[in-house]
Amino acid sequence: MNFNRDEKKGLLFSIIFHILCCGLVGLIALTAFHTIPDEPIYDVALVAGGGDAAPEVAPPEPEPEPEIEEEKVKPREDDILEKREKPIPQKKPDVKKPTANPKHTAPGGTGSGTNSGTSGGKGPGIGPASDAIQAPAVPPRVTRSRMPSYPNDARSKGITGTAVVRFLVGKGGQVESVILARSSGNGSLDQAALSAAGGFRFKPGLDSYGRPIRCYAYQPFAFRL
């Protein structure tokens with residue numbers, strides 16, 4: 001059979017078209033029948049003890065309270081009104097010597113009788129101490145104290161210092177008055193120290209006879225960050 005040029009081109013195009021269609025149909029059939037199996041999903045139970053535990057979040061540490069430094073402050077001489085009492089001399093009691101009773105002689109016989117007696121007494125005791133402020137032989141001792149609260153404005157500005165408070169301690173250990181003996185250099189710190197000093201109680205100071213007396217006591221309040 002003789003084909004002209006146009007018929008040959010049409011026949012060639014038809015063959016190529018059929019080949020492409022057959023290939024596309026075969027690819028669709030292969031994909032439909034050969035499906036990729038899905039990966040299995042497993043249920044796994046967690047066993048205690050495996051792996052690292054979740055990290056624990058530590059609670060924020062509380063801000064430390066300001067410490068009260070125990071430092072000895074030597075009181076100034078003009079702060080203490082030293083009034084020492086002179087010891088009361090003890091009077092020796094008069095002791096009467098016993099007198100011998102005269103012997104009595106009765107008619108018809110003799111007899112004697114003696115009576116002796118001694119009298120003694122104890123001298124007057126030492127009375128209570130006066131109400132004057134004295135320098136104690138045994139200094140007062142703190143039995144109850146109070147921590148000062150750090151002022152927020154001073155804490156935020158990083159201000160530190162030490163204030164010294166002078167107490168007037170009564171005979172019963174009560175605080176009769178408080179004054180600022182030495183400033184910390186900051187008014188709010190000084191006021192916090194005076195406020196804390198109001199909660200102090202003392203065991204009273206003693207004089208040389210062991211009697212409670214009124215005296216001064218000093219306490220430093222240190223504010224540190």
# chains A, B, ... in the order shown; residues from 1 in each chain; ligands from 1
>>> residues_around(residues="A:Lys171", least_positions_apart="3", cutoff="12 Å", atoms="only C-alpha atoms", output="list in words")
Pro128, Ala129, Ser130, Asp131, Ala132, Ile133, Gln134, Pro136, Pro139, Pro140, Leu168, Gln174, Val175, Glu176, Arg201, Phe202, Lys203, Pro204, Gly205, Leu206, Asp207, Gly210, Arg211, Pro212, Ile213, Arg214, Cys215 and Tyr216 of chain A
>>> write_last_selection(atoms="C-alpha atoms", output="PDB file, in the first residue's frame")
ATOM      1  CA  PRO A 128      17.256  48.546 147.997  1.00  0.00           C
ATOM      2  CA  ALA A 129      19.312  50.520 145.527  1.00  0.00           C
ATOM      3  CA  SER A 130      18.407  54.109 144.801  1.00  0.00           C
ATOM      4  CA  ASP A 131      16.596  55.177 141.642  1.00  0.00           C
ATOM      5  CA  ALA A 132      19.644  56.989 140.278  1.00  0.00           C
ATOM      6  CA  ILE A 133      21.242  55.797 137.032  1.00  0.00           C
ATOM      7  CA  GLN A 134      24.432  53.936 137.858  1.00  0.00           C
ATOM      8  CA  PRO A 136      26.477  48.396 136.751  1.00  0.00           C
ATOM      9  CA  PRO A 139      25.654  44.589 132.930  1.00  0.00           C
ATOM     10  CA  PRO A 140      22.051  43.924 131.844  1.00  0.00           C
ATOM     11  CA  LEU A 168      17.603  52.974 129.719  1.00  0.00           C
ATOM     12  CA  GLN A 174      11.846  47.000 131.343  1.00  0.00           C
ATOM     13  CA  VAL A 175      12.950  49.540 128.733  1.00  0.00           C
ATOM     14  CA  GLU A 176      12.208  52.998 130.086  1.00  0.00           C
ATOM     15  CA  ARG A 201      13.476  43.200 127.237  1.00  0.00           C
ATOM     16  CA  PHE A 202      16.402  42.800 129.617  1.00  0.00           C
ATOM     17  CA  LYS A 203      17.524  41.102 132.767  1.00  0.00           C
ATOM     18  CA  PRO A 204      18.414  44.145 134.884  1.00  0.00           C
ATOM     19  CA  GLY A 205      21.964  45.158 135.718  1.00  0.00           C
ATOM     20  CA  LEU A 206      23.307  44.675 139.260  1.00  0.00           C
ATOM     21  CA  ASP A 207      25.467  46.802 141.506  1.00  0.00           C
ATOM     22  CA  GLY A 210      23.889  42.291 143.753  1.00  0.00           C
ATOM     23  CA  ARG A 211      20.910  44.669 143.781  1.00  0.00           C
ATOM     24  CA  PRO A 212      18.997  45.528 140.552  1.00  0.00           C
ATOM     25  CA  ILE A 213      19.701  49.073 139.397  1.00  0.00           C
ATOM     26  CA  ARG A 214      18.761  51.458 136.601  1.00  0.00           C
ATOM     27  CA  CYS A 215      21.486  51.651 133.994  1.00  0.00           C
ATOM     28  CA  TYR A 216      22.217  52.138 130.300  1.00  0.00           C
TER      29      TYR A 216
END
>>> atom_distance(atom1="atom CA of A:Arg224", atom2="atom CA of A:Thr160")
5.5 Å
>>> residues_around(residues="A:Pro151", least_positions_apart="6", cutoff="8 Å", atoms="only C-alpha atoms", output="count of residues only")
3
>>> residues_around(residues="A:Ile179", least_positions_apart="2", cutoff="9 Å", atoms="only C-alpha atoms", output="PDB file with C-alpha atoms, in the first residue's frame")
ATOM      1  CA  VAL A 164      23.552  52.034 117.719  1.00  0.00           C
ATOM      2  CA  VAL A 165      20.633  52.443 120.147  1.00  0.00           C
ATOM      3  CA  ARG A 166      20.983  53.307 123.840  1.00  0.00           C
ATOM      4  CA  PHE A 167      18.455  51.761 126.236  1.00  0.00           C
ATOM      5  CA  LEU A 168      17.603  52.974 129.719  1.00  0.00           C
ATOM      6  CA  SER A 177      13.482  54.930 127.064  1.00  0.00           C
ATOM      7  CA  ALA A 181      23.420  56.830 120.274  1.00  0.00           C
ATOM      8  CA  LEU A 194      14.497  52.515 117.004  1.00  0.00           C
TER       9      LEU A 194
END
>>> atom_distance(atom1="atom CA of A:Asn186", atom2="atom CA of A:Ala154")
8.3 Å
>>> closest_residue(among="A:Gly158, A:Gly199, A:Gly23, A:Gly10", to="A:Val178", atoms="only C-alpha atoms")
A:Gly199
